[in-house]
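This is model.cif. It holds mmCIF, C-alpha atoms.
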```cif
data_upload
loop_
_atom_site.group_PDB
_atom_site.id
_atom_site.type_symbol
_atom_site.label_atom_id
_atom_site.label_comp_id
_atom_site.auth_asym_id
_atom_site.auth_seq_id
_atom_site.Cartn_x
_atom_site.Cartn_y
_atom_site.Cartn_z
ATOM 1 C CA MET A 1 26.643 -5.530 106.181
ATOM 2 C CA ALA A 2 28.625 -4.401 109.211
ATOM 3 C CA GLN A 3 31.432 -6.730 110.083
ATOM 4 C CA GLY A 4 31.204 -6.405 113.817
ATOM 5 C CA GLY A 5 30.929 -3.400 116.041
ATOM 6 C CA ARG A 6 31.508 0.035 114.690
ATOM 7 C CA LYS A 7 32.939 2.726 116.927
ATOM 8 C CA ILE A 8 31.149 6.041 116.876
ATOM 9 C CA VAL A 9 32.506 9.175 118.535
ATOM 10 C CA ILE A 10 29.989 11.865 119.369
ATOM 11 C CA GLY A 11 30.941 15.260 120.753
ATOM 12 C CA VAL A 12 28.455 16.370 123.401
ATOM 13 C CA ASP A 13 27.905 19.554 125.313
ATOM 14 C CA GLU A 14 24.896 21.194 126.931
ATOM 15 C CA SER A 15 23.616 22.670 123.689
ATOM 16 C CA ALA A 16 20.471 21.622 121.859
ATOM 17 C CA PHE A 17 22.595 21.182 118.715
ATOM 18 C CA SER A 18 24.522 18.451 120.420
ATOM 19 C CA GLU A 19 21.326 16.658 121.348
ATOM 20 C CA GLN A 20 19.986 17.021 117.813
ATOM 21 C CA ALA A 21 23.161 15.446 116.447
ATOM 22 C CA PHE A 22 22.886 12.564 118.909
ATOM 23 C CA ASN A 23 19.228 12.017 118.030
ATOM 24 C CA PHE A 24 19.926 12.129 114.308
ATOM 25 C CA TYR A 25 22.636 9.502 114.652
ATOM 26 C CA VAL A 26 20.278 7.256 116.657
ATOM 27 C CA GLU A 27 17.403 7.686 114.213
ATOM 28 C CA ASN A 28 19.463 7.233 111.063
ATOM 29 C CA PHE A 29 22.641 5.313 111.754
ATOM 30 C CA LEU A 30 22.438 3.348 114.993
ATOM 31 C CA ARG A 31 23.154 -0.352 114.773
ATOM 32 C CA GLU A 32 22.916 -2.883 117.546
ATOM 33 C CA ASP A 33 26.623 -3.579 117.666
ATOM 34 C CA ASP A 34 27.742 0.056 117.635
ATOM 35 C CA THR A 35 29.884 1.281 120.518
ATOM 36 C CA LEU A 36 29.399 4.935 121.335
ATOM 37 C CA PHE A 37 32.040 7.222 122.756
ATOM 38 C CA LEU A 38 30.471 10.438 123.996
ATOM 39 C CA VAL A 39 33.202 13.036 124.369
ATOM 40 C CA HIS A 40 32.587 15.960 126.655
ATOM 41 C CA THR A 41 35.009 18.766 127.378
ATOM 42 C CA PRO A 42 33.828 20.811 130.376
ATOM 43 C CA GLU A 43 34.455 24.530 130.493
ATOM 44 C CA ARG A 44 37.689 25.483 132.068
ATOM 45 C CA TYR A 45 38.141 28.444 134.293
ATOM 46 C CA ASN A 46 41.416 30.257 134.297
ATOM 47 C CA PHE A 47 41.700 30.841 138.024
ATOM 48 C CA VAL A 48 45.048 32.594 138.026
ATOM 49 C CA ASP A 49 44.011 35.304 135.582
ATOM 50 C CA ALA A 50 40.622 35.705 137.231
ATOM 51 C CA ASN A 51 42.243 36.487 140.575
ATOM 52 C CA LEU A 52 45.068 38.556 139.147
ATOM 53 C CA GLY A 53 47.639 36.053 140.310
ATOM 54 C CA THR A 54 46.434 35.802 143.867
ATOM 55 C CA PRO A 55 44.612 32.507 144.287
ATOM 56 C CA VAL A 56 41.526 32.747 146.462
ATOM 57 C CA GLU A 57 40.372 29.542 148.033
ATOM 58 C CA HIS A 58 36.569 29.705 148.180
ATOM 59 C CA PRO A 59 35.630 30.992 144.723
ATOM 60 C CA HIS A 60 37.732 28.120 143.360
ATOM 61 C CA ARG A 61 35.715 25.544 145.151
ATOM 62 C CA GLU A 62 32.359 27.047 144.224
ATOM 63 C CA LEU A 63 33.270 27.281 140.564
ATOM 64 C CA LEU A 64 34.677 23.776 140.514
ATOM 65 C CA GLU A 65 31.574 22.466 142.211
ATOM 66 C CA GLU A 66 29.413 24.214 139.644
ATOM 67 C CA VAL A 67 31.363 22.685 136.791
ATOM 68 C CA ARG A 68 31.247 19.263 138.392
ATOM 69 C CA HIS A 69 27.456 19.499 138.820
ATOM 70 C CA LYS A 70 26.988 20.492 135.200
ATOM 71 C CA VAL A 71 29.106 17.611 133.967
ATOM 72 C CA GLU A 72 27.281 15.145 136.199
ATOM 73 C CA ALA A 73 23.933 16.444 134.975
ATOM 74 C CA LEU A 74 25.025 16.113 131.346
ATOM 75 C CA GLU A 75 26.337 12.619 131.906
ATOM 76 C CA ALA A 76 23.085 11.622 133.629
ATOM 77 C CA LYS A 77 21.059 13.110 130.785
ATOM 78 C CA TYR A 78 22.937 11.161 128.139
ATOM 79 C CA ASN A 79 23.009 7.966 130.164
ATOM 80 C CA LYS A 80 19.252 8.189 130.347
ATOM 81 C CA LYS A 81 18.982 8.706 126.597
ATOM 82 C CA ILE A 82 21.276 5.762 126.000
ATOM 83 C CA GLU A 83 19.120 3.566 128.161
ATOM 84 C CA THR A 84 15.836 4.782 126.650
ATOM 85 C CA MET A 85 17.059 4.337 123.118
ATOM 86 C CA GLY A 86 18.308 0.833 123.808
ATOM 87 C CA ILE A 87 21.941 1.518 123.028
ATOM 88 C CA LYS A 88 23.924 -1.430 124.257
ATOM 89 C CA SER A 89 27.462 -0.125 124.417
ATOM 90 C CA ALA A 90 28.355 3.455 125.293
ATOM 91 C CA LYS A 91 31.014 5.337 127.221
ATOM 92 C CA PHE A 92 30.832 8.902 128.485
ATOM 93 C CA LEU A 93 34.314 10.391 128.348
ATOM 94 C CA LYS A 94 35.355 13.588 130.061
ATOM 95 C CA ARG A 95 38.352 15.284 128.554
ATOM 96 C CA HIS A 96 40.307 18.440 129.179
ATOM 97 C CA GLY A 97 41.305 21.032 126.673
ATOM 98 C CA ASP A 98 39.910 21.951 123.324
ATOM 99 C CA PRO A 99 36.696 20.070 122.431
ATOM 100 C CA GLY A 100 37.640 19.601 118.777
ATOM 101 C CA GLU A 101 41.076 18.238 119.634
ATOM 102 C CA ALA A 102 39.587 15.930 122.272
ATOM 103 C CA ILE A 103 37.040 14.521 119.826
ATOM 104 C CA VAL A 104 39.621 13.890 117.104
ATOM 105 C CA HIS A 105 42.064 12.420 119.622
ATOM 106 C CA VAL A 106 39.513 9.925 120.937
ATOM 107 C CA ALA A 107 38.481 9.030 117.399
ATOM 108 C CA GLU A 108 42.066 8.316 116.445
ATOM 109 C CA LYS A 109 42.850 6.373 119.580
ATOM 110 C CA GLU A 110 39.750 4.211 119.239
ATOM 111 C CA HIS A 111 40.042 3.896 115.443
ATOM 112 C CA ALA A 112 36.543 5.271 115.165
ATOM 113 C CA ASN A 113 34.441 4.544 112.098
ATOM 114 C CA LEU A 114 32.512 7.769 112.390
ATOM 115 C CA ILE A 115 32.483 11.081 114.234
ATOM 116 C CA VAL A 116 29.166 12.795 114.834
ATOM 117 C CA THR A 117 29.037 16.471 115.627
ATOM 118 C CA GLY A 118 26.469 19.228 115.723
ATOM 119 C CA CYS A 119 27.060 22.237 113.520
ATOM 120 C CA ARG A 120 27.212 24.524 116.507
ATOM 121 C CA GLY A 121 27.508 24.224 120.238
ATOM 122 C CA MET A 122 27.533 26.632 123.103
ATOM 123 C CA GLY A 123 29.286 29.390 121.212
ATOM 124 C CA LEU A 124 27.619 32.757 120.913
ATOM 125 C CA LEU A 125 28.967 33.702 117.499
ATOM 126 C CA ARG A 126 26.235 33.148 114.945
ATOM 127 C CA ARG A 127 27.849 34.941 112.077
ATOM 128 C CA THR A 128 29.857 31.925 110.988
ATOM 129 C CA PHE A 129 28.423 29.082 108.956
ATOM 130 C CA MET A 130 29.786 26.441 111.225
ATOM 131 C CA GLY A 131 30.964 26.385 114.816
ATOM 132 C CA SER A 132 34.631 26.186 115.726
ATOM 133 C CA VAL A 133 34.470 22.619 116.998
ATOM 134 C CA SER A 134 32.764 21.103 113.957
ATOM 135 C CA ASP A 135 35.074 23.135 111.768
ATOM 136 C CA TYR A 136 38.126 21.790 113.599
ATOM 137 C CA VAL A 137 36.857 18.213 113.517
ATOM 138 C CA MET A 138 36.036 18.434 109.817
ATOM 139 C CA HIS A 139 39.544 19.533 108.971
ATOM 140 C CA HIS A 140 41.482 17.226 111.282
ATOM 141 C CA ALA A 141 39.569 13.959 111.394
ATOM 142 C CA SER A 142 40.866 11.023 109.403
ATOM 143 C CA CYS A 143 37.533 9.216 109.381
ATOM 144 C CA PRO A 144 34.064 10.079 108.056
ATOM 145 C CA VAL A 145 32.292 12.915 109.842
ATOM 146 C CA LEU A 146 28.583 13.512 110.147
ATOM 147 C CA VAL A 147 27.762 17.178 110.684
ATOM 148 C CA CYS A 148 24.192 17.579 111.825
ATOM 149 C CA ARG A 149 22.497 20.803 110.934
ATOM 150 C CA LYS A 150 18.900 21.709 110.876
ATOM 151 C CA MET B 11 11.289 12.188 106.855
ATOM 152 C CA SER B 12 8.360 9.927 107.612
ATOM 153 C CA SER B 13 8.161 7.725 110.627
ATOM 154 C CA ASN B 14 8.020 4.575 108.576
ATOM 155 C CA GLY B 15 11.552 5.313 107.541
ATOM 156 C CA ASN B 16 11.349 6.190 103.851
ATOM 157 C CA ARG B 17 14.226 8.588 103.563
ATOM 158 C CA THR B 18 15.543 10.379 100.548
ATOM 159 C CA ILE B 19 19.330 10.498 100.496
ATOM 160 C CA VAL B 20 21.201 12.854 98.202
ATOM 161 C CA ILE B 21 24.644 11.712 97.162
ATOM 162 C CA ALA B 22 26.963 14.126 95.419
ATOM 163 C CA MET B 23 28.935 12.396 92.715
ATOM 164 C CA ASP B 24 31.340 13.635 90.101
ATOM 165 C CA GLY B 25 32.879 10.375 88.933
ATOM 166 C CA SER B 26 35.881 10.738 91.219
ATOM 167 C CA GLU B 27 37.090 7.949 93.486
ATOM 168 C CA HIS B 28 36.201 10.094 96.500
ATOM 169 C CA ALA B 29 32.602 10.124 95.331
ATOM 170 C CA ASP B 30 32.706 6.368 94.758
ATOM 171 C CA TYR B 31 34.025 5.893 98.269
ATOM 172 C CA ALA B 32 31.208 8.067 99.610
ATOM 173 C CA PHE B 33 28.596 6.006 97.793
ATOM 174 C CA HIS B 34 29.975 2.724 99.040
ATOM 175 C CA TRP B 35 30.351 4.082 102.543
ATOM 176 C CA TYR B 36 26.717 5.134 102.521
ATOM 177 C CA VAL B 37 25.579 1.709 101.337
ATOM 178 C CA LYS B 38 27.695 -0.077 103.918
ATOM 179 C CA ASN B 39 26.978 2.183 106.894
ATOM 180 C CA ALA B 40 23.724 4.010 106.461
ATOM 181 C CA TYR B 41 21.573 2.401 103.803
ATOM 182 C CA ARG B 42 18.180 1.160 104.929
ATOM 183 C CA GLU B 43 15.486 -0.582 102.991
ATOM 184 C CA GLY B 44 13.104 2.043 101.702
ATOM 185 C CA ASP B 45 15.801 4.634 101.118
ATOM 186 C CA LYS B 46 15.460 6.548 97.892
ATOM 187 C CA VAL B 47 18.850 7.567 96.613
ATOM 188 C CA VAL B 48 19.209 10.657 94.487
ATOM 189 C CA ILE B 49 22.601 10.880 92.874
ATOM 190 C CA VAL B 50 23.432 14.419 91.894
ATOM 191 C CA PHE B 51 25.855 14.643 89.075
ATOM 192 C CA CYS B 52 27.277 17.976 88.103
ATOM 193 C CA ALA B 53 28.413 18.289 84.547
ATOM 194 C CA GLU B 54 31.427 20.461 84.959
ATOM 195 C CA TYR B 55 32.372 22.001 81.718
ATOM 196 C CA ASN B 56 35.447 23.379 83.418
ATOM 197 C CA SER B 57 37.742 21.798 80.927
ATOM 198 C CA ILE B 58 36.057 23.868 78.271
ATOM 199 C CA ALA B 59 36.066 27.045 80.297
ATOM 200 C CA SER B 60 39.758 26.758 81.013
ATOM 201 C CA GLN B 61 40.804 26.527 77.383
ATOM 202 C CA PRO B 62 42.408 29.651 75.983
ATOM 203 C CA LEU B 63 39.894 31.723 74.044
ATOM 204 C CA THR B 64 41.906 31.737 70.852
ATOM 205 C CA LEU B 65 41.838 27.968 70.751
ATOM 206 C CA MET B 66 38.109 27.883 71.338
ATOM 207 C CA SER B 67 37.250 30.302 68.622
ATOM 208 C CA VAL B 68 39.328 28.449 66.057
ATOM 209 C CA ASP B 69 38.659 24.802 66.777
ATOM 210 C CA LYS B 70 35.012 23.846 66.939
ATOM 211 C CA ASN B 71 35.936 20.208 67.088
ATOM 212 C CA LEU B 72 37.762 20.746 70.339
ATOM 213 C CA ILE B 73 34.615 22.057 71.975
ATOM 214 C CA THR B 74 32.544 19.228 70.570
ATOM 215 C CA ASN B 75 35.058 16.693 71.809
ATOM 216 C CA LEU B 76 35.142 18.211 75.253
ATOM 217 C CA ILE B 77 31.359 18.220 75.495
ATOM 218 C CA ASP B 78 31.237 14.658 74.252
ATOM 219 C CA GLY B 79 33.816 13.786 76.865
ATOM 220 C CA GLU B 80 31.649 15.258 79.593
ATOM 221 C CA GLU B 81 28.567 13.472 78.259
ATOM 222 C CA LYS B 82 30.484 10.220 78.283
ATOM 223 C CA LYS B 83 31.316 10.806 81.945
ATOM 224 C CA VAL B 84 27.608 11.060 82.696
ATOM 225 C CA LYS B 85 26.906 7.845 80.802
ATOM 226 C CA ASP B 86 29.751 6.082 82.610
ATOM 227 C CA LEU B 87 28.453 7.297 85.939
ATOM 228 C CA ALA B 88 24.945 6.184 85.051
ATOM 229 C CA SER B 89 26.092 2.676 84.176
ATOM 230 C CA LYS B 90 28.299 2.449 87.262
ATOM 231 C CA PHE B 91 25.401 3.626 89.360
ATOM 232 C CA GLU B 92 23.069 1.203 87.614
ATOM 233 C CA SER B 93 25.219 -1.802 88.494
ATOM 234 C CA LEU B 94 25.503 -0.695 92.130
ATOM 235 C CA VAL B 95 21.787 -0.074 92.347
ATOM 236 C CA LEU B 96 21.012 -3.518 90.921
ATOM 237 C CA LYS B 97 23.569 -5.165 93.186
ATOM 238 C CA TYR B 98 22.149 -3.619 96.361
ATOM 239 C CA LYS B 99 18.554 -3.407 95.126
ATOM 240 C CA ILE B 100 18.412 0.299 95.847
ATOM 241 C CA GLU B 101 15.724 2.586 94.558
ATOM 242 C CA GLY B 102 17.335 5.586 93.022
ATOM 243 C CA LYS B 103 17.771 8.072 90.248
ATOM 244 C CA ILE B 104 20.390 10.346 88.801
ATOM 245 C CA VAL B 105 19.791 14.070 88.619
ATOM 246 C CA ARG B 106 21.977 16.115 86.379
ATOM 247 C CA VAL B 107 22.822 19.624 87.452
ATOM 248 C CA ASN B 108 24.442 22.229 85.299
ATOM 249 C CA GLY B 109 26.336 25.193 86.616
ATOM 250 C CA GLU B 110 28.000 25.385 90.013
ATOM 251 C CA PRO B 111 27.971 21.967 91.737
ATOM 252 C CA GLY B 112 27.622 23.217 95.335
ATOM 253 C CA PRO B 113 24.448 25.271 94.919
ATOM 254 C CA GLY B 114 23.061 22.640 92.522
ATOM 255 C CA ILE B 115 23.442 19.853 95.070
ATOM 256 C CA VAL B 116 21.937 21.895 97.893
ATOM 257 C CA LYS B 117 18.997 22.868 95.692
ATOM 258 C CA VAL B 118 18.288 19.223 94.810
ATOM 259 C CA ALA B 119 18.445 18.302 98.499
ATOM 260 C CA GLU B 120 15.874 20.974 99.242
ATOM 261 C CA GLU B 121 13.586 19.989 96.387
ATOM 262 C CA GLU B 122 13.785 16.288 97.164
ATOM 263 C CA LYS B 123 13.354 16.962 100.907
ATOM 264 C CA ALA B 124 16.452 14.902 101.571
ATOM 265 C CA ALA B 125 17.176 13.500 105.003
ATOM 266 C CA MET B 126 20.877 14.127 104.462
ATOM 267 C CA ILE B 127 23.541 14.843 101.862
ATOM 268 C CA VAL B 128 26.385 12.392 101.426
ATOM 269 C CA THR B 129 29.592 13.665 99.935
ATOM 270 C CA GLY B 130 33.257 12.801 99.597
ATOM 271 C CA THR B 131 36.016 15.062 100.817
ATOM 272 C CA ARG B 132 37.377 16.054 97.455
ATOM 273 C CA GLY B 133 36.337 15.339 93.918
ATOM 274 C CA LEU B 134 38.272 15.682 90.760
ATOM 275 C CA GLY B 135 39.957 18.875 91.880
ATOM 276 C CA LYS B 136 43.648 19.086 91.242
ATOM 277 C CA ILE B 137 44.682 20.460 94.608
ATOM 278 C CA ARG B 138 45.545 17.377 96.647
ATOM 279 C CA ARG B 139 46.806 19.168 99.702
ATOM 280 C CA LYS B 140 43.366 20.517 100.514
ATOM 281 C CA LEU B 141 41.602 18.597 103.222
ATOM 282 C CA LEU B 142 38.205 19.503 101.939
ATOM 283 C CA GLY B 143 37.316 20.363 98.377
ATOM 284 C CA SER B 144 35.367 23.456 97.453
ATOM 285 C CA VAL B 145 32.134 21.630 96.715
ATOM 286 C CA SER B 146 32.080 19.722 100.009
ATOM 287 C CA GLU B 147 32.992 22.932 101.808
ATOM 288 C CA TYR B 148 30.084 24.706 100.149
ATOM 289 C CA ILE B 149 27.666 21.896 100.981
ATOM 290 C CA LEU B 150 28.768 21.895 104.624
ATOM 291 C CA HIS B 151 28.122 25.592 104.969
ATOM 292 C CA HIS B 152 24.863 25.820 103.056
ATOM 293 C CA SER B 153 23.082 22.518 103.498
ATOM 294 C CA PRO B 154 19.712 22.700 105.220
ATOM 295 C CA VAL B 155 20.132 19.093 106.349
ATOM 296 C CA PRO B 156 22.868 16.968 107.971
ATOM 297 C CA VAL B 157 25.938 16.337 105.835
ATOM 298 C CA MET B 158 27.829 13.076 105.817
ATOM 299 C CA VAL B 159 31.418 13.751 104.762
ATOM 300 C CA CYS B 160 33.023 10.436 103.881
ATOM 301 C CA ARG B 161 36.689 10.918 104.514
ATOM 302 C CA GLN B 162 38.908 7.997 103.764
ATOM 303 C CA LYS B 163 42.298 7.382 105.320
ATOM 304 C CA GLU B 164 45.000 8.613 103.023
#
```

Serialized structure, structure tokens:
Amino acid sequence: MAQGGRKIVIGVDESAFSEQAFNFYVENFLREDDTLFLVHTPERYNFVDANLGTPVEHPHRELLEEVRHKVEALEAKYNKKIETMGIKSAKFLKRHGDPGEAIVHVAEKEHANLIVTGCRGMGLLRRTFMGSVSDYVMHHASCPVLVCRK
Amino acid sequence: MSSNGNRTIVIAMDGSEHADYAFHWYVKNAYREGDKVVIVFCAEYNSIASQPLTLMSVDKNLITNLIDGEEKKVKDLASKFESLVLKYKIEGKIVRVNGEPGPGIVKVAEEEKAAMIVTGTRGLGKIRRKLLGSVSEYILHHSPVPVMVCRQKE
């Protein structure tokens, strides 16, 4: 029924929700000719505010290194999943800024057929029904969105 | 959801073109042999509820006509669904829910142990500027399972 490769954008972070969303897509939607775009937006540290305007060299480097390690670990984790699950075409994209905006931007640029997102991510606020990223994506995407909740 | 892949999919439909789009999107992008489709149709007697009381108390025919109109919608949906089901050889049924659509749809999904709920972005609601209708919004916030919101480019 598919007329040639679909493009699927999946927002990923270190949360279990993200992994659940990815797994659900693979178990229920994956097709051989799908191309996956995994969009990850690493945490940003506001160095200037943290140091009250006086930049300090070493803490910078340590924090940056930490972030870099986390991103590499996440990328490795998803690359392994991609390989194990036999996904033929996938790209891991690192983006700056707001996760929701990054996901929607990639989806628009690539003319994605589908965006997959978890219902929550790394956020601590549990009082809301839906996390801020999935909420943003739901209200700004111009393509179908799969919100995975369990 | 069993490992042999027999999923139950709940599709929220109200006869609107958004719902139609959602159904077709599901068939084109997610349907798998063995899927059982449960179409949830909510009979919204809103047109009756929004009539001024004076009119309602005077004209019994109006109420009858409105109810008949709603019943016809169900029949139309059933026949539309029937032709799609025959065309794609899908196993499915229509479940009619009275009262609030959102809670009704979620309840059916729970009872049928659905793998996911498929819905459009808006239904027959009059407010076109809204990005997400009230029913889809409700489903997103209360569904116990993944929700597939089929947004079409406008």

Up to 12 Å from chain A, what residues of chain B turn up? Count all atoms listed in the file and give them as a ChimeraX atom specification. /B:11-19,28,31-32,34-43,45,98,124-131,139-143,146-164

Since we have the selection now, will you write its residues out, keeping C-alpha atoms, as a short mmCIF file (atom, residue, chain, number, x, y, z; two decimals), in the coordinates of the input?
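Output saved as selection-v6.cif:
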```cif
data_model
loop_
_atom_site.label_atom_id
_atom_site.label_comp_id
_atom_site.auth_asym_id
_atom_site.auth_seq_id
_atom_site.Cartn_x
_atom_site.Cartn_y
_atom_site.Cartn_z
CA MET B 11 11.29 12.19 106.86
CA SER B 12 8.36 9.93 107.61
CA SER B 13 8.16 7.72 110.63
CA ASN B 14 8.02 4.58 108.58
CA GLY B 15 11.55 5.31 107.54
CA ASN B 16 11.35 6.19 103.85
CA ARG B 17 14.23 8.59 103.56
CA THR B 18 15.54 10.38 100.55
CA ILE B 19 19.33 10.50 100.50
CA HIS B 28 36.20 10.09 96.50
CA TYR B 31 34.02 5.89 98.27
CA ALA B 32 31.21 8.07 99.61
CA HIS B 34 29.98 2.72 99.04
CA TRP B 35 30.35 4.08 102.54
CA TYR B 36 26.72 5.13 102.52
CA VAL B 37 25.58 1.71 101.34
CA LYS B 38 27.70 -0.08 103.92
CA ASN B 39 26.98 2.18 106.89
CA ALA B 40 23.72 4.01 106.46
CA TYR B 41 21.57 2.40 103.80
CA ARG B 42 18.18 1.16 104.93
CA GLU B 43 15.49 -0.58 102.99
CA ASP B 45 15.80 4.63 101.12
CA TYR B 98 22.15 -3.62 96.36
CA ALA B 124 16.45 14.90 101.57
CA ALA B 125 17.18 13.50 105.00
CA MET B 126 20.88 14.13 104.46
CA ILE B 127 23.54 14.84 101.86
CA VAL B 128 26.38 12.39 101.43
CA THR B 129 29.59 13.66 99.94
CA GLY B 130 33.26 12.80 99.60
CA THR B 131 36.02 15.06 100.82
CA ARG B 139 46.81 19.17 99.70
CA LYS B 140 43.37 20.52 100.51
CA LEU B 141 41.60 18.60 103.22
CA LEU B 142 38.20 19.50 101.94
CA GLY B 143 37.32 20.36 98.38
CA SER B 146 32.08 19.72 100.01
CA GLU B 147 32.99 22.93 101.81
CA TYR B 148 30.08 24.71 100.15
CA ILE B 149 27.67 21.90 100.98
CA LEU B 150 28.77 21.90 104.62
CA HIS B 151 28.12 25.59 104.97
CA HIS B 152 24.86 25.82 103.06
CA SER B 153 23.08 22.52 103.50
CA PRO B 154 19.71 22.70 105.22
CA VAL B 155 20.13 19.09 106.35
CA PRO B 156 22.87 16.97 107.97
CA VAL B 157 25.94 16.34 105.84
CA MET B 158 27.83 13.08 105.82
CA VAL B 159 31.42 13.75 104.76
CA CYS B 160 33.02 10.44 103.88
CA ARG B 161 36.69 10.92 104.51
CA GLN B 162 38.91 8.00 103.76
CA LYS B 163 42.30 7.38 105.32
CA GLU B 164 45.00 8.61 103.02
#
```

Please list as a compact mmCIF listing (two decimals) with C-alpha atoms, in the frame of the given file every residue within 8 Å of Glu101 in chain B, counting all atoms listed in the file and excluding residues in the same chain fewer than 6 positions away.
```
# COMPACT_ATOMS: atom_id res chain seq x y z
CA GLY B 44 13.10 2.04 101.70
CA ASP B 45 15.80 4.63 101.12
CA LYS B 46 15.46 6.55 97.89
CA VAL B 47 18.85 7.57 96.61
CA VAL B 95 21.79 -0.07 92.35
```

What is the CA of Val84 in chain B to CA of Arg106 in chain B distance in Å? 8.4 Å

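The residues caught by the PyMOL selection byres ((chain A and resi 93-103) around 6) in this file are Leu38, Val39, His40, Thr41, Phe92, Val104, His105, Val106, Val133, Tyr136 and Val137 of chain A.
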
Limited to C-alpha atoms, could you put the picked residues into a file as a PDB file, in the frame of the given file?
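Result saved to part.pdb:
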```pdb
ATOM      1  CA  LEU A  38      30.471  10.438 123.996  1.00  0.00           C
ATOM      2  CA  VAL A  39      33.202  13.036 124.369  1.00  0.00           C
ATOM      3  CA  HIS A  40      32.587  15.960 126.655  1.00  0.00           C
ATOM      4  CA  THR A  41      35.009  18.766 127.378  1.00  0.00           C
ATOM      5  CA  PHE A  92      30.832   8.902 128.485  1.00  0.00           C
ATOM      6  CA  VAL A 104      39.621  13.890 117.104  1.00  0.00           C
ATOM      7  CA  HIS A 105      42.064  12.420 119.622  1.00  0.00           C
ATOM      8  CA  VAL A 106      39.513   9.925 120.937  1.00  0.00           C
ATOM      9  CA  VAL A 133      34.470  22.619 116.998  1.00  0.00           C
ATOM     10  CA  TYR A 136      38.126  21.790 113.599  1.00  0.00           C
ATOM     11  CA  VAL A 137      36.857  18.213 113.517  1.00  0.00           C
TER      12      VAL A 137
END
```

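Rounded to one decimal, CA of Thr74 in chain B and CA of Ser26 in chain B lie 22.6 Å from each other.
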
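Taking all atoms listed in the file into account, Asp34 in chain A lies nearest to A:Ile8 out of the set A:Val67, A:Ala16, A:Ile8, A:Ala107.
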
Please write the residues picked by the PyMOL selection byres ((chain B and resi 21-23) around 7) on this file as a PyMOL selection string. chain B and resi 19-20+24-25+29+33+48-51+115+127-129

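Of note, CA of Lys85 in chain B and CA of Val118 in chain B are spaced 20.0 Å apart.
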
All residues 9 Å or closer to Asp13 in chain A, only C-alpha atoms, same chain fewer than 2 positions away omitted, as a ChimeraX atom specification: /A:11,15-19,39-42,71,74,121-122

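For the residues A:Thr84, A:Val12, A:Glu32, A:Phe37, ranking by smallest atom-to-atom distance to Glu108 in chain A using all atoms listed in the file places A:Phe37 first.
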
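Counting all atoms listed in the file and comparing A:Phe22, A:Asp33, A:Ser134, A:Lys77, the residue that lies closest to Ser89 in chain A is A:Asp33.
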